[in-house]
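The next block is protein.txt, given as compact mmCIF, C-alpha atoms.
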```
# COMPACT_ATOMS: atom_id res chain seq x y z
CA MET C 16 -83.66 318.29 123.21
CA THR C 17 -80.52 316.41 122.20
CA PRO C 18 -79.97 315.41 118.55
CA LEU C 19 -80.15 311.75 119.55
CA ALA C 20 -83.53 312.23 121.21
CA MET C 21 -84.73 314.15 118.16
CA PHE C 22 -83.58 311.30 115.92
CA ALA C 23 -85.31 308.76 118.16
CA GLY C 24 -88.48 310.85 118.01
CA LEU C 25 -88.36 310.96 114.24
CA MET C 26 -87.73 307.22 113.84
CA PRO C 27 -91.42 306.14 113.87
CA ALA C 28 -92.11 308.56 111.01
CA LEU C 29 -88.94 307.59 109.13
CA MET C 30 -89.37 303.82 109.42
CA PRO C 31 -91.98 303.39 106.62
CA CYS C 32 -89.81 305.52 104.30
CA LEU C 33 -86.69 303.53 105.17
CA PHE C 34 -88.54 300.28 104.69
CA ALA C 35 -89.99 301.36 101.33
CA THR C 36 -86.51 302.46 100.17
CA LEU C 37 -85.07 299.13 101.25
CA VAL C 38 -87.70 297.13 99.40
CA ASP C 39 -87.17 299.31 96.34
CA ARG C 40 -83.36 298.99 96.43
CA VAL C 41 -83.23 295.30 97.31
CA PRO C 42 -85.94 293.46 95.36
CA GLY C 43 -86.76 290.06 96.78
CA ILE C 44 -85.63 290.95 100.30
CA PHE C 45 -88.86 289.47 101.67
CA PHE C 46 -87.74 286.08 100.44
CA GLY C 47 -84.73 286.29 102.73
CA LEU C 48 -86.86 286.65 105.84
CA PRO C 49 -88.22 283.06 105.89
CA LEU C 50 -84.66 281.80 105.44
CA MET C 51 -83.52 283.87 108.40
CA ALA C 52 -86.42 282.52 110.45
CA LEU C 53 -85.62 278.96 109.38
CA ALA C 54 -81.92 279.28 110.24
CA SER C 55 -82.81 280.75 113.65
CA LEU C 56 -85.32 277.99 114.33
CA ILE C 57 -82.96 275.17 113.38
CA PHE C 58 -80.07 276.74 115.32
CA ALA C 59 -82.30 277.10 118.37
CA ALA C 60 -83.79 273.62 118.10
CA THR C 61 -80.38 271.99 117.76
CA HIS C 62 -79.20 273.76 120.93
CA HIS C 63 -82.21 273.05 123.15
CA GLU C 64 -84.75 270.35 123.96
CA ASP C 65 -87.48 272.24 125.76
CA PRO C 66 -90.08 273.84 123.40
CA ALA C 67 -90.21 277.03 125.48
CA GLU C 68 -86.42 277.34 125.36
CA ILE C 69 -86.47 276.68 121.60
CA ARG C 70 -89.00 279.50 121.15
CA PHE C 71 -86.94 281.91 123.22
CA ALA C 72 -83.67 280.96 121.49
CA THR C 73 -85.28 281.31 118.04
CA ILE C 74 -86.10 284.94 118.78
CA HIS C 75 -82.62 285.45 120.23
CA TRP C 76 -80.93 284.01 117.11
CA ALA C 77 -83.28 285.87 114.76
CA VAL C 78 -82.40 289.20 116.39
CA TRP C 79 -78.67 288.49 116.14
CA LEU C 80 -78.85 287.15 112.60
CA GLY C 81 -81.12 289.98 111.48
CA GLY C 82 -78.83 292.53 113.10
CA ILE C 83 -75.67 291.19 111.51
CA LEU C 84 -77.24 290.73 108.06
CA GLY C 85 -78.87 294.18 108.38
CA LEU C 86 -75.48 295.74 109.07
CA VAL C 87 -73.94 293.96 106.08
CA LEU C 88 -76.85 295.13 103.90
CA ALA C 89 -76.52 298.70 105.16
CA ALA C 90 -72.77 298.63 104.43
CA LEU C 91 -73.40 297.33 100.91
CA LEU C 92 -76.07 299.95 100.26
CA LEU C 93 -73.73 302.69 101.49
CA LEU C 94 -70.97 301.37 99.26
CA GLY C 95 -73.44 301.35 96.38
CA TRP C 96 -74.13 305.03 96.94
CA PHE C 97 -70.48 306.00 96.91
CA VAL C 98 -69.27 303.78 94.07
CA MET Q 16 -54.29 239.67 122.74
CA GLY Q 17 -55.44 242.15 125.32
CA LYS Q 18 -58.65 242.67 123.37
CA LYS Q 19 -61.62 243.15 125.65
CA HIS Q 20 -64.90 241.65 124.59
CA ARG Q 21 -68.19 242.97 125.90
CA ASP Q 22 -70.16 240.51 127.96
CA ARG Q 23 -73.05 239.69 125.59
CA SER Q 24 -75.26 238.55 128.47
CA LYS Q 25 -75.42 242.12 129.78
CA PRO Q 26 -77.42 244.77 127.93
CA ALA Q 27 -75.41 247.17 125.74
CA PRO Q 28 -74.63 250.46 127.47
CA ARG Q 29 -77.07 253.22 126.55
CA ILE Q 30 -75.64 256.23 124.76
CA VAL Q 31 -77.11 259.36 126.25
CA ALA Q 32 -76.71 263.08 125.84
CA VAL Q 33 -77.49 265.72 128.45
CA SER Q 34 -80.28 268.20 127.86
CA PRO Q 35 -78.87 271.72 128.18
CA ASP Q 36 -82.20 272.91 129.55
CA ASP Q 37 -82.87 270.69 132.55
CA GLY Q 38 -79.84 268.40 132.65
CA SER Q 39 -81.98 265.33 131.95
CA ALA Q 40 -80.62 262.41 129.96
CA ILE Q 41 -81.58 261.98 126.31
CA ASP Q 42 -81.46 258.40 125.08
CA LEU Q 43 -79.77 258.56 121.67
CA LYS Q 44 -80.46 254.82 121.05
CA ASN Q 45 -78.31 253.95 118.02
CA PRO Q 46 -76.75 257.33 117.07
CA ALA Q 47 -75.43 256.16 113.68
CA LEU Q 48 -78.85 254.85 112.68
CA ALA Q 49 -80.51 258.01 113.97
CA ALA Q 50 -78.12 260.18 111.94
CA LEU Q 51 -78.77 258.10 108.82
CA LEU Q 52 -82.54 258.35 109.35
CA SER Q 53 -82.23 262.12 109.81
CA TRP Q 54 -80.38 262.37 106.52
CA CYS Q 55 -83.00 260.20 104.74
CA LEU Q 56 -85.89 262.27 106.05
CA PRO Q 57 -85.09 265.36 108.16
CA GLY Q 58 -86.22 264.79 111.76
CA LEU Q 59 -86.81 261.04 111.37
CA GLY Q 60 -83.78 260.26 113.55
CA GLN Q 61 -85.16 262.40 116.37
CA ILE Q 62 -88.55 260.68 116.04
CA TYR Q 63 -86.78 257.30 116.28
CA GLN Q 64 -85.11 258.53 119.49
CA GLY Q 65 -88.49 259.52 120.90
CA ARG Q 66 -87.88 263.27 120.58
CA LEU Q 67 -91.16 263.76 118.75
CA PHE Q 68 -91.51 267.54 119.07
CA LYS Q 69 -88.10 268.23 117.58
CA GLY Q 70 -88.49 265.54 114.95
CA ARG Q 71 -91.74 266.99 113.66
CA LEU Q 72 -90.35 270.51 113.86
CA PHE Q 73 -87.27 269.61 111.79
CA MET Q 74 -89.31 267.63 109.30
CA GLY Q 75 -91.78 270.47 108.70
CA ALA Q 76 -89.17 273.22 108.58
CA ILE Q 77 -86.55 271.53 106.40
CA LEU Q 78 -88.88 269.74 104.00
CA GLY Q 79 -91.16 272.78 103.79
CA THR Q 80 -88.24 275.01 102.83
CA PHE Q 81 -86.88 272.50 100.33
CA ILE Q 82 -90.25 272.07 98.63
CA ALA Q 83 -90.88 275.83 98.68
CA GLY Q 84 -87.51 276.36 96.98
CA LEU Q 85 -88.26 273.71 94.41
CA TRP Q 86 -91.61 275.35 93.69
CA LEU Q 87 -90.14 278.88 93.48
CA GLY Q 88 -87.57 277.65 90.96
CA GLY Q 89 -90.20 276.00 88.78
CA GLY Q 90 -89.03 272.53 89.82
CA ARG Q 91 -85.72 273.03 87.98
CA VAL Q 92 -83.36 274.16 90.71
CA VAL Q 93 -82.43 270.72 92.06
CA TYR Q 94 -80.24 268.85 89.61
CA ALA Q 95 -76.87 267.17 89.66
CA SER Q 96 -74.33 267.81 86.94
CA TRP Q 97 -70.59 267.26 86.77
CA THR Q 98 -70.05 268.04 83.10
CA PRO Q 99 -67.26 270.61 82.53
CA GLY Q 100 -68.68 274.12 82.35
CA ASN Q 101 -71.99 273.00 83.81
CA THR Q 102 -70.95 271.74 87.23
CA ARG Q 103 -73.72 272.17 89.76
CA TRP Q 104 -71.96 272.78 93.08
CA ALA Q 105 -75.27 273.81 94.68
CA TYR Q 106 -76.28 270.15 94.57
CA VAL Q 107 -73.61 269.31 97.14
CA CYS Q 108 -75.59 271.39 99.63
CA GLN Q 109 -79.00 270.32 98.32
CA ALA Q 110 -78.07 266.64 98.75
CA GLY Q 111 -77.90 267.28 102.50
CA ALA Q 112 -81.71 267.36 102.55
CA GLY Q 113 -81.70 263.61 101.95
CA LEU Q 114 -83.89 261.37 99.86
CA VAL Q 115 -85.91 264.29 98.46
CA ALA Q 116 -82.80 265.38 96.51
CA LEU Q 117 -81.73 261.90 95.49
CA PRO Q 118 -83.81 261.62 92.26
CA ALA Q 119 -81.49 264.26 90.78
CA MET Q 120 -78.55 261.87 91.15
CA PHE Q 121 -80.36 259.03 89.37
CA GLN Q 122 -81.54 261.38 86.63
CA SER Q 123 -78.04 262.71 86.04
CA LEU Q 124 -76.27 259.33 86.07
CA HIS Q 125 -78.82 257.84 83.69
CA LEU Q 126 -78.69 260.82 81.33
CA GLN Q 127 -74.87 260.60 81.16
CA GLY Q 128 -75.02 256.80 80.80
CA PRO Q 129 -75.53 254.66 77.70
CA ALA Q 130 -79.33 255.18 77.70
CA LYS Q 131 -78.83 258.96 77.29
CA GLN Q 132 -82.12 259.76 78.93
CA PRO Q 133 -83.18 260.45 82.53
CA PHE Q 134 -83.98 257.54 84.83
CA PHE Q 135 -87.61 258.53 85.32
CA GLY Q 136 -88.19 259.45 81.69
CA SER Q 137 -89.43 262.94 82.47
CA SER Q 138 -87.19 265.97 82.90
CA PHE Q 139 -88.00 266.32 86.64
CA MET Q 140 -84.68 267.01 88.46
CA ALA Q 141 -82.81 266.15 85.26
CA PRO Q 142 -79.72 268.23 84.48
CA PRO Q 143 -80.10 270.83 81.72
CA LEU Q 144 -78.98 269.94 78.22
CA THR Q 145 -75.84 271.59 76.92
CA PRO Q 146 -75.02 272.34 73.28
CA GLY Q 147 -73.61 269.25 71.57
CA GLN Q 148 -75.00 266.81 74.13
CA TYR Q 149 -76.40 263.53 72.78
CA VAL Q 150 -79.77 262.35 74.07
CA SER Q 151 -82.18 259.57 73.21
CA ARG Q 152 -84.80 260.23 70.56
CA ASP Q 153 -87.60 259.63 73.08
CA TYR Q 154 -86.22 262.20 75.49
CA ALA Q 155 -85.71 264.78 72.74
CA THR Q 156 -89.29 264.26 71.56
CA SER Q 157 -90.71 264.48 75.09
CA LEU Q 158 -88.75 267.69 75.77
CA ALA Q 159 -89.93 269.27 72.52
CA SER Q 160 -93.54 268.43 73.30
CA ALA Q 161 -93.49 269.35 77.00
CA ASP Q 162 -91.36 272.50 77.01
CA PRO Q 163 -92.74 275.53 75.13
CA ASP Q 164 -89.22 276.96 74.69
CA ILE Q 165 -87.83 273.82 73.04
CA GLU Q 166 -88.71 272.69 69.55
CA ALA Q 167 -87.91 269.63 67.48
CA GLU Q 168 -85.54 271.75 65.36
CA ASP Q 169 -83.41 272.34 68.44
CA PHE Q 170 -81.93 268.86 67.99
CA PHE Q 171 -79.72 267.57 65.17
CA ASP Q 172 -80.62 264.11 63.92
CA ARG Q 173 -77.66 261.85 64.72
CA PRO Q 174 -79.03 258.28 64.48
CA PRO Q 175 -79.58 256.57 66.82
CA TRP Q 176 -79.37 259.71 68.98
CA ARG Q 177 -80.32 263.34 68.80
CA GLN Q 178 -77.80 266.08 69.42
CA SER Q 179 -78.87 269.12 71.42
CA ARG Q 180 -78.30 272.61 70.03
CA ILE Q 181 -79.68 274.35 73.09
CA ASP Q 182 -78.27 275.59 76.34
CA GLU Q 183 -81.18 274.60 78.56
CA VAL Q 184 -79.92 276.34 81.70
CA SER Q 185 -80.05 279.68 79.82
CA ILE Q 186 -83.68 278.97 78.96
CA TRP Q 187 -84.42 278.33 82.65
CA HIS Q 188 -82.67 281.52 83.73
CA ARG Q 189 -84.60 283.53 81.13
CA ARG Q 190 -87.88 281.93 82.13
CA PHE Q 191 -87.60 282.07 85.93
CA GLY Q 192 -85.33 285.09 86.37
CA ARG Q 193 -84.37 285.70 89.99
CA TRP Q 194 -86.73 282.96 91.18
CA PHE Q 195 -84.19 280.46 89.94
CA GLU Q 196 -81.57 281.88 92.30
CA ILE Q 197 -84.03 282.26 95.19
CA GLY Q 198 -85.23 278.68 94.75
CA THR Q 199 -81.63 277.46 94.60
CA LEU Q 200 -80.85 279.35 97.82
CA TYR Q 201 -83.88 277.87 99.63
CA THR Q 202 -83.02 274.31 98.66
CA MET Q 203 -79.33 274.78 99.46
CA LEU Q 204 -80.05 276.21 102.90
CA ALA Q 205 -82.49 273.39 103.65
CA GLY Q 206 -79.75 270.87 102.84
CA MET Q 207 -77.09 272.69 104.85
CA LEU Q 208 -79.30 273.13 107.91
CA ASN Q 209 -80.13 269.44 107.79
CA MET Q 210 -76.45 268.83 108.60
CA LEU Q 211 -77.12 270.38 112.01
CA VAL Q 212 -80.19 268.18 112.38
CA ILE Q 213 -78.10 265.10 111.53
CA TYR Q 214 -75.52 266.12 114.12
CA ASP Q 215 -78.29 266.62 116.68
CA ALA Q 216 -79.49 263.05 116.04
CA TRP Q 217 -75.92 261.74 116.25
CA ALA Q 218 -74.70 263.50 119.38
CA GLY Q 219 -77.61 265.30 120.99
CA PRO Q 220 -78.10 269.05 121.44
CA LEU Q 221 -75.18 271.26 120.48
CA GLY Q 222 -75.58 273.62 123.39
CA MET Q 223 -74.09 272.01 126.48
CA PRO Q 224 -74.72 273.64 129.86
CA THR Q 225 -71.75 275.40 131.42
CA ASP Q 226 -70.56 274.45 134.90
CA ASP Q 227 -72.19 277.59 136.30
CA GLU Q 228 -75.49 276.72 134.62
CA ARG Q 229 -75.29 273.16 135.98
CA LYS Q 230 -74.60 274.51 139.47
CA ALA Q 231 -77.43 277.04 139.23
CA HIS Q 232 -79.79 274.34 138.01
CA ARG Q 233 -78.77 271.98 140.81
CA ASN Q 234 -79.32 274.75 143.37
CA ALA Q 235 -82.72 275.61 141.91
CA ALA Q 236 -83.74 271.94 141.91
CA SER Q 237 -82.64 271.40 145.51
CA ALA Q 238 -84.38 274.62 146.59
CA ALA Q 239 -87.57 273.44 144.88
CA SER Q 240 -87.40 270.03 146.59
CA GLN Q 241 -86.82 271.71 149.96
CA ARG Q 242 -89.85 273.94 149.40
CA LYS Q 243 -91.90 270.85 148.58
CA GLU Q 244 -90.74 269.04 151.71
CA ALA Q 245 -91.22 272.02 154.03
CA PRO Q 246 -94.48 271.90 156.10
CA LYS Q 247 -97.17 274.31 155.06
```
Would you kindly transcribe this structure into structure tokens?
Amino acid sequence: MTPLAMFAGLMPALMPCLFATLVDRVPGIFFGLPLMALASLIFAATHHEDPAEIRFATIHWAVWLGGILGLVLAALLLLGWFV
Amino acid sequence: MGKKHRDRSKPAPRIVAVSPDDGSAIDLKNPALAALLSWCLPGLGQIYQGRLFKGRLFMGAILGTFIAGLWLGGGRVVYASWTPGNTRWAYVCQAGAGLVALPAMFQSLHLQGPAKQPFFGSSFMAPPLTPGQYVSRDYATSLASADPDIEAEDFFDRPPWRQSRIDEVSIWHRRFGRWFEIGTLYTMLAGMLNMLVIYDAWAGPLGMPTDDERKAHRNAASAASQRKEAPK
């Protein structure tokens, strides 16, 4: 078993711990989620007319936005550990 | 000389945008009016253009977020202030949400004016008092009676005015803590995203189809029509 596969296997067990740590380290993070959803929805709705396309694009934008903001958050948390 | 006048007997040309999804035309009617309506009430411009789904969606999302932010911040996060040391830059973004943020402007202008009290009398969307600021006696009394953190002794008697000794924004920060910042963020984002909505009402959807997408859509449409015409 490769280390990557081992890590992937452990992820389901690690996720609740990671999530709890995140909530503990970044209080109020839940209040950012509706804003992310809103930004994705407005971005999607201003780029499309069809409701089905708007729905699809909202998810697309939310994944991108969540990914980018997640990376920034992870970088900040890592910096916080080292500083 | 050389100026061309439109023939008034003919109907004005329609201003349309192209839907990026199916290439259909979107009648923008009067884009300037639609943009203005969308600023006044998010989504109203789209409703005027007959794009009801998007209009209702924008209205619910933007107004919902703005009101949620206002509620999270205890109704204090939307105010306009240009006094040195107490400039509220967040209001520039919040004002993008339209008429819902406009009372703050009236409140601020009236409080800084000769009346020295907010336009609507109450402190709703009024800027916070700063130390040394003169206010009307009525406003000082109403603040002292309505706000548990402000007392009558917090004002010097300077007939015909009262002079504030308090830094009201500090009181708000102490009372609401991080909710003040979260509420400010919600209302700011609602205002900023409404700029996109206004642009959508002005010029149609931002996402234009690429040439390849147009070609693919044309091919798909012609293939569908051929299938329809073909005998079963």
So which residues fall inside 9 Å of (-78.4, 260.3, 119.2) if we count only C-alpha atoms? Mind giving them as a short mmCIF file (atom, residue, chain, number, x, y, z; two decimals) with C-alpha atoms, in the frame of the given file?
```cif
data_model
loop_
_atom_site.label_atom_id
_atom_site.label_comp_id
_atom_site.auth_asym_id
_atom_site.auth_seq_id
_atom_site.Cartn_x
_atom_site.Cartn_y
_atom_site.Cartn_z
CA ILE Q 30 -75.64 256.23 124.76
CA VAL Q 31 -77.11 259.36 126.25
CA ALA Q 32 -76.71 263.08 125.84
CA ILE Q 41 -81.58 261.98 126.31
CA ASP Q 42 -81.46 258.40 125.08
CA LEU Q 43 -79.77 258.56 121.67
CA LYS Q 44 -80.46 254.82 121.05
CA ASN Q 45 -78.31 253.95 118.02
CA PRO Q 46 -76.75 257.33 117.07
CA ALA Q 47 -75.43 256.16 113.68
CA LEU Q 48 -78.85 254.85 112.68
CA ALA Q 49 -80.51 258.01 113.97
CA ALA Q 50 -78.12 260.18 111.94
CA GLY Q 60 -83.78 260.26 113.55
CA GLN Q 61 -85.16 262.40 116.37
CA GLN Q 64 -85.11 258.53 119.49
CA TYR Q 214 -75.52 266.12 114.12
CA ASP Q 215 -78.29 266.62 116.68
CA ALA Q 216 -79.49 263.05 116.04
CA TRP Q 217 -75.92 261.74 116.25
CA ALA Q 218 -74.70 263.50 119.38
CA GLY Q 219 -77.61 265.30 120.99
#
```
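Compared by their closest atoms to chain C, and using only C-alpha atoms, the residues Q:Gln132, Q:Ser151, Q:Thr202, Q:Ser240 rank with Q:Thr202 nearest.
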Tell me as a compact mmCIF listing (two decimals) with C-alpha atoms, in the frame of the given file which residues belonging to chain Q come within 9 Å of chain C, counting all atoms listed in the file.
```
# COMPACT_ATOMS: atom_id res chain seq x y z
CA SER Q 34 -80.28 268.20 127.86
CA PRO Q 35 -78.87 271.72 128.18
CA ASP Q 36 -82.20 272.91 129.55
CA ASP Q 37 -82.87 270.69 132.55
CA ARG Q 66 -87.88 263.27 120.58
CA PHE Q 68 -91.51 267.54 119.07
CA LYS Q 69 -88.10 268.23 117.58
CA LEU Q 72 -90.35 270.51 113.86
CA PHE Q 73 -87.27 269.61 111.79
CA ALA Q 76 -89.17 273.22 108.58
CA ILE Q 77 -86.55 271.53 106.40
CA THR Q 80 -88.24 275.01 102.83
CA ARG Q 193 -84.37 285.70 89.99
CA ILE Q 197 -84.03 282.26 95.19
CA LEU Q 200 -80.85 279.35 97.82
CA TYR Q 201 -83.88 277.87 99.63
CA LEU Q 204 -80.05 276.21 102.90
CA ALA Q 205 -82.49 273.39 103.65
CA LEU Q 208 -79.30 273.13 107.91
CA ASN Q 209 -80.13 269.44 107.79
CA LEU Q 211 -77.12 270.38 112.01
CA VAL Q 212 -80.19 268.18 112.38
CA TYR Q 214 -75.52 266.12 114.12
CA ASP Q 215 -78.29 266.62 116.68
CA GLY Q 219 -77.61 265.30 120.99
CA PRO Q 220 -78.10 269.05 121.44
CA LEU Q 221 -75.18 271.26 120.48
CA GLY Q 222 -75.58 273.62 123.39
CA MET Q 223 -74.09 272.01 126.48
```
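Reported to one decimal place, the separation of CA of Ala105 in chain Q from CA of Leu56 in chain Q is 19.4 Å.
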Measuring between only C-alpha atoms, which one of Q:Ala238, Q:Ala155, Q:Ala119, Q:Ile165 shows the shortest distance to Ile181 in chain Q?
Q:Ile165
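Between CA of Thr102 in chain Q and CA of Gln127 in chain Q lies a distance of 13.3 Å.
With CA of Tyr94 in chain Q on one side and CA of Lys131 in chain Q on the other, the separation reads 15.9 Å.
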How would range 21-35 of chain C look written as a PDB file, in the first residue's frame with N, CA and C atoms?
```pdb
ATOM      1  N   MET C  21      -2.653   5.141   1.700  1.00  0.00           N
ATOM      2  CA  MET C  21      -2.874   5.057   3.154  1.00  0.00           C
ATOM      3  C   MET C  21      -3.506   6.351   3.671  1.00  0.00           C
ATOM      4  N   PHE C  22      -2.956   7.469   3.147  1.00  0.00           N
ATOM      5  CA  PHE C  22      -3.468   8.788   3.556  1.00  0.00           C
ATOM      6  C   PHE C  22      -4.931   8.943   3.133  1.00  0.00           C
ATOM      7  N   ALA C  23      -5.206   8.495   1.884  1.00  0.00           N
ATOM      8  CA  ALA C  23      -6.584   8.588   1.377  1.00  0.00           C
ATOM      9  C   ALA C  23      -7.516   7.720   2.215  1.00  0.00           C
ATOM     10  N   GLY C  24      -7.014   6.582   2.662  1.00  0.00           N
ATOM     11  CA  GLY C  24      -7.820   5.680   3.495  1.00  0.00           C
ATOM     12  C   GLY C  24      -8.109   6.270   4.864  1.00  0.00           C
ATOM     13  N   LEU C  25      -7.145   7.041   5.348  1.00  0.00           N
ATOM     14  CA  LEU C  25      -7.302   7.634   6.683  1.00  0.00           C
ATOM     15  C   LEU C  25      -8.178   8.893   6.668  1.00  0.00           C
ATOM     16  N   MET C  26      -8.321   9.486   5.484  1.00  0.00           N
ATOM     17  CA  MET C  26      -9.020  10.783   5.389  1.00  0.00           C
ATOM     18  C   MET C  26     -10.416  10.786   6.036  1.00  0.00           C
ATOM     19  N   PRO C  27     -11.266   9.748   5.761  1.00  0.00           N
ATOM     20  CA  PRO C  27     -12.598   9.776   6.383  1.00  0.00           C
ATOM     21  C   PRO C  27     -12.547   9.853   7.906  1.00  0.00           C
ATOM     22  N   ALA C  28     -11.534   9.181   8.489  1.00  0.00           N
ATOM     23  CA  ALA C  28     -11.412   9.232   9.958  1.00  0.00           C
ATOM     24  C   ALA C  28     -10.843  10.571  10.421  1.00  0.00           C
ATOM     25  N   LEU C  29      -9.970  11.163   9.583  1.00  0.00           N
ATOM     26  CA  LEU C  29      -9.318  12.414   9.977  1.00  0.00           C
ATOM     27  C   LEU C  29     -10.221  13.632   9.796  1.00  0.00           C
ATOM     28  N   MET C  30     -11.158  13.542   8.862  1.00  0.00           N
ATOM     29  CA  MET C  30     -11.957  14.719   8.503  1.00  0.00           C
ATOM     30  C   MET C  30     -12.656  15.378   9.701  1.00  0.00           C
ATOM     31  N   PRO C  31     -13.370  14.593  10.559  1.00  0.00           N
ATOM     32  CA  PRO C  31     -14.025  15.247  11.719  1.00  0.00           C
ATOM     33  C   PRO C  31     -13.031  15.962  12.611  1.00  0.00           C
ATOM     34  N   CYS C  32     -11.827  15.360  12.791  1.00  0.00           N
ATOM     35  CA  CYS C  32     -10.802  15.992  13.638  1.00  0.00           C
ATOM     36  C   CYS C  32     -10.323  17.290  13.009  1.00  0.00           C
ATOM     37  N   LEU C  33     -10.063  17.230  11.686  1.00  0.00           N
ATOM     38  CA  LEU C  33      -9.614  18.429  10.971  1.00  0.00           C
ATOM     39  C   LEU C  33     -10.661  19.533  11.065  1.00  0.00           C
ATOM     40  N   PHE C  34     -11.896  19.127  10.876  1.00  0.00           N
ATOM     41  CA  PHE C  34     -12.999  20.087  10.885  1.00  0.00           C
ATOM     42  C   PHE C  34     -13.146  20.728  12.268  1.00  0.00           C
ATOM     43  N   ALA C  35     -13.062  19.880  13.307  1.00  0.00           N
ATOM     44  CA  ALA C  35     -13.180  20.398  14.683  1.00  0.00           C
ATOM     45  C   ALA C  35     -12.035  21.359  14.991  1.00  0.00           C
TER      46      ALA C  35
END
```
